[in-house]
2 protein chains.
Amino acid sequence: MQIALVGGTGDIGEGLTLRFGRDTDHELVVGSRTAEKAADAAAAYEETLADRGIDRSIEGADNETAVEGADVVILSVPPYHAEDTVDSVGDAVGDDAVLVSPAVGMQGDGDGLHYHPPSAGSVAALVADAAPEGVPVVAAFTNLSADRLTDLDEEFDLDTPLVGDDDDAKARVADLAEGVEGLGAVDAGPLANAAEVESLTPLVINVARYTDDLEHVGVKFV
Amino acid sequence: MQIALVGGTGDIGEGLTLRFGRDTDHELVVGSRTAEKAADAAAAYEETLADRGIDRSIEGADNETAVEGADVVILSVPPYHAEDTVDSVGDAVGDDAVLVSPAVGMQGDGDGLHYHPPSAGSVAALVADAAPEGVPVVAAFTNLSADRLTDLDEEFDLDTPLVGDDDDAKARVADLAEGVEGLGAVDAGPLANAAEVESLTPLVINVARYTDDLEHVGVKFV
């Protein structure tokens with residue numbers, strides 16, 4: 001498959017690109033607001049993989065170019081940029097693409113992080129409202145630590161829950177997720193259940209903060 | 001320790017009593033609105049354990065009597081009864097007891113279950129507001145399937161996240177939880193983080209509903 005990582009110069013985009021680059025054969029295109037920044041990041045990711053003996057070509061392009069022809073478009077941008085980003089790349093997204101929303105709205109205070117969804121109810125719902133007609137949206141990769149994704153010495157035995165209204169789209173994203181070594185995908189139902197999936201993220205971050213011996217926590221559904 | 005299971009005739013109360021009865025030496029008192037109903041349930045739990053060769057004495061009493069002298073009081077009642085229940089047993093709860101809140105407010109629709117906290121922000125916050133002065137509250141056991149607790153053939157490899165403002169109280173509840181074979185306790189911080197803990201429950205139920213091969217799902221923080 002061809003995978004576009006819109007906002008792929010950010011930390012979650014970096015982590016996903018490195019894991020997909022190491023563990024799968026998908027064609028990877030890193031997107032950014034400028035083609036130059038994207039190309040620099042793609043080159044840096046190639047180098048990180050080359051240092052581990054993995055010869056891998058990763059493209060870089062401006063976001064709009066990056067999504068052209070992509071089977072899966074991952075919106076690896078902060079939650080408050082999710083809507084803008086979909087608006088800006090929407091016309092270039094193919095009819096048979098799937099939009100993936102990994103972002104989560106959170107607010108922090110002295111106690112920890114709290115779930116703070118946009119007024120649409122979830123970032124995934126916001127993305128679905130902005131998505132081009134007929135392009136399905138799947139929330140996925142919401143609960144993975146960027147640090148842990150990026151550190152390729154970290155072995156995974158983790159799950160990511162998916163929600164979406166289109167079963168084929170969900171299966172495509174599950175395939176992509178399960179291509180990452182040690183990562184499983186579980187189905188949490190339709191997009192209407194996105195808030196429950198997204199609110200797992202502040203929980204795992206709070207657990208990592210307060211529990212000794214759990215630094216970059218994730219979850220496994222058992 | 002002496003453990004009171006207020007509302008212990010319900011399904012989560014039954015499951016916790018059976019697991020504590022099988023795996024720990026704590027003194028167990030099942031509470032109910034009437035002493036008779038409590039005594040019947042306690043006798044039934046004793047019998048379930050006896051069928052497995054475990055000779056175990058379990059007391060039954062009305063809720064107010066059940067909490068007398070208890071080190072840990074578990075409010076195993078539906079979320080909409082949590083406040084009433086604390087009001088009714090409050091005077092009998094000892095100064096050095098810990099109140100444990102395992103209930104979660106949820107609403108279901110065709111898509112799945114959704115987190116629906118009371119206006120206090122979480123059931124745990126509601127319980128804390130109603131609790132006698134100085135008696136600490138810990139949210140725990142919120143994410144465990146009653147069916148899975150009750151089925152003693154089900155082997156656990158699960159965690160339950162705890163929140164609370166009093167470290168000693170949290171340690172006491174963590175000890176209690178970790179006495180159950182295969183159950184771990186992780187710390188999710190102060191009570192202000194309770195909503196994130198409670199909202200895990202609809203997620204695991206949705207995942208169990210939609211994911212093949214996961215019937216009674218739980219989580220492990222890894």
# chains A, B, ... in the order shown; residues from 1 in each chain; ligands from 1
call {"tool": "select_by_dssp", "arguments": {"residues": "segment 4-211 of chain B", "states": "strand (DSSP E or B)", "output": "PyMOL selection string"}}
result
chain B and resi 4-6+27-32+58-62+72-75+98-101+106-108+113-115+137-139+158-164+183-187
call {"tool": "closest_atom_pairs", "arguments": {"of": "chain A", "to": "chain B", "cutoff": "8 Å", "atoms": "only C-alpha atoms", "output": "JSON lines"}}
result
{"residue": "A:Asp111", "atom": "CA", "partner": "B:Pro190", "partner_atom": "CA", "distance": 6.4}
{"residue": "A:Gly112", "atom": "CA", "partner": "B:Asn193", "partner_atom": "CA", "distance": 6.7}
{"residue": "A:Leu113", "atom": "CA", "partner": "B:Asn193", "partner_atom": "CA", "distance": 7.6}
{"residue": "A:His114", "atom": "CA", "partner": "B:Glu196", "partner_atom": "CA", "distance": 6.7}
{"residue": "A:Tyr115", "atom": "CA", "partner": "B:Glu196", "partner_atom": "CA", "distance": 7.0}
{"residue": "A:Asp157", "atom": "CA", "partner": "B:Val222", "partner_atom": "CA", "distance": 7.5}
{"residue": "A:Leu158", "atom": "CA", "partner": "B:Val222", "partner_atom": "CA", "distance": 7.2}
{"residue": "A:Pro161", "atom": "CA", "partner": "B:Val207", "partner_atom": "CA", "distance": 7.6}
{"residue": "A:Val186", "atom": "CA", "partner": "B:Thr211", "partner_atom": "CA", "distance": 5.9}
{"residue": "A:Asp187", "atom": "CA", "partner": "B:Thr211", "partner_atom": "CA", "distance": 5.0}
{"residue": "A:Ala188", "atom": "CA", "partner": "B:Val207", "partner_atom": "CA", "distance": 4.3}
{"residue": "A:Gly189", "atom": "CA", "partner": "B:Tyr210", "partner_atom": "CA", "distance": 5.6}
{"residue": "A:Pro190", "atom": "CA", "partner": "B:Asp111", "partner_atom": "CA", "distance": 6.4}
{"residue": "A:Ala192", "atom": "CA", "partner": "B:Asp111", "partner_atom": "CA", "distance": 6.6}
{"residue": "A:Asn193", "atom": "CA", "partner": "B:Gly112", "partner_atom": "CA", "distance": 6.7}
{"residue": "A:Ala195", "atom": "CA", "partner": "B:His114", "partner_atom": "CA", "distance": 8.0}
{"residue": "A:Glu196", "atom": "CA", "partner": "B:Leu203", "partner_atom": "CA", "distance": 5.2}
{"residue": "A:Val197", "atom": "CA", "partner": "B:Leu203", "partner_atom": "CA", "distance": 6.3}
{"residue": "A:Ser199", "atom": "CA", "partner": "B:Glu196", "partner_atom": "CA", "distance": 6.4}
{"residue": "A:Leu200", "atom": "CA", "partner": "B:Leu200", "partner_atom": "CA", "distance": 6.4}
{"residue": "A:Pro202", "atom": "CA", "partner": "B:Glu196", "partner_atom": "CA", "distance": 6.7}
{"residue": "A:Leu203", "atom": "CA", "partner": "B:Glu196", "partner_atom": "CA", "distance": 5.2}
{"residue": "A:Val204", "atom": "CA", "partner": "B:Phe221", "partner_atom": "CA", "distance": 7.7}
{"residue": "A:Asn206", "atom": "CA", "partner": "B:Ala188", "partner_atom": "CA", "distance": 5.1}
{"residue": "A:Val207", "atom": "CA", "partner": "B:Ala188", "partner_atom": "CA", "distance": 4.3}
{"residue": "A:Ala208", "atom": "CA", "partner": "B:Ala188", "partner_atom": "CA", "distance": 7.8}
{"residue": "A:Arg209", "atom": "CA", "partner": "B:Ala188", "partner_atom": "CA", "distance": 7.6}
{"residue": "A:Tyr210", "atom": "CA", "partner": "B:Asp187", "partner_atom": "CA", "distance": 5.4}
{"residue": "A:Thr211", "atom": "CA", "partner": "B:Asp187", "partner_atom": "CA", "distance": 4.9}
{"residue": "A:Leu214", "atom": "CA", "partner": "B:Val222", "partner_atom": "CA", "distance": 7.3}
{"residue": "A:Val217", "atom": "CA", "partner": "B:Val222", "partner_atom": "CA", "distance": 5.5}
{"residue": "A:Gly218", "atom": "CA", "partner": "B:Val222", "partner_atom": "CA", "distance": 5.2}
{"residue": "A:Val219", "atom": "CA", "partner": "B:Phe221", "partner_atom": "CA", "distance": 4.5}
{"residue": "A:Lys220", "atom": "CA", "partner": "B:Lys220", "partner_atom": "CA", "distance": 5.2}
{"residue": "A:Phe221", "atom": "CA", "partner": "B:Val219", "partner_atom": "CA", "distance": 4.5}
{"residue": "A:Val222", "atom": "CA", "partner": "B:Gly218", "partner_atom": "CA", "distance": 5.2}
call {"tool": "residues_around", "arguments": {"residues": "segment 25-38 of chain A", "least_positions_apart": "3", "cutoff": "7 Å", "atoms": "only C-alpha atoms", "output": "list of chain:residue names"}}
result
A:Met1, A:Gln2, A:Ile3, A:Ala4, A:Leu5, A:Val6, A:Gly7, A:Gly8, A:Thr9, A:Ala41, A:Ala42, A:Ile58, A:Glu59, A:Gly60, A:Ala61, A:Asp62, A:Asn63, A:Ala66
call {"tool": "closest_residue", "arguments": {"among": "B:Met106, B:Ala131, B:Leu126, B:Leu99", "to": "Asp71 of chain B", "atoms": "only C-alpha atoms"}}
result
B:Leu99
call {"tool": "closest_residue", "arguments": {"among": "B:Val73, B:Ala125, B:Val93, B:Ala44", "to": "Arg172 of chain B", "atoms": "only C-alpha atoms"}}
result
B:Val73
call {"tool": "closest_residue", "arguments": {"among": "B:Asp40, B:Glu83, B:Asp91, B:Asp55", "to": "Ala130 of chain B", "atoms": "only C-alpha atoms"}}
result
B:Glu83
call {"tool": "residues_around", "arguments": {"residues": "Pro117 of chain A", "least_positions_apart": "4", "cutoff": "6 Å", "atoms": "only C-alpha atoms", "output": "tab-separated table (two decimals) with C-alpha atoms, in the first residue's frame"}}
result
chain	number	residue	atom	x	y	z
A	105	GLY	CA	-7.60	16.36	22.49
A	121	GLY	CA	-17.35	14.85	20.32
A	122	SER	CA	-13.98	13.46	19.26
call {"tool": "atom_distance", "arguments": {"atom1": "atom CA of Gly13 of chain A", "atom2": "atom CA of Pro102 of chain A"}}
result
9.7 Å
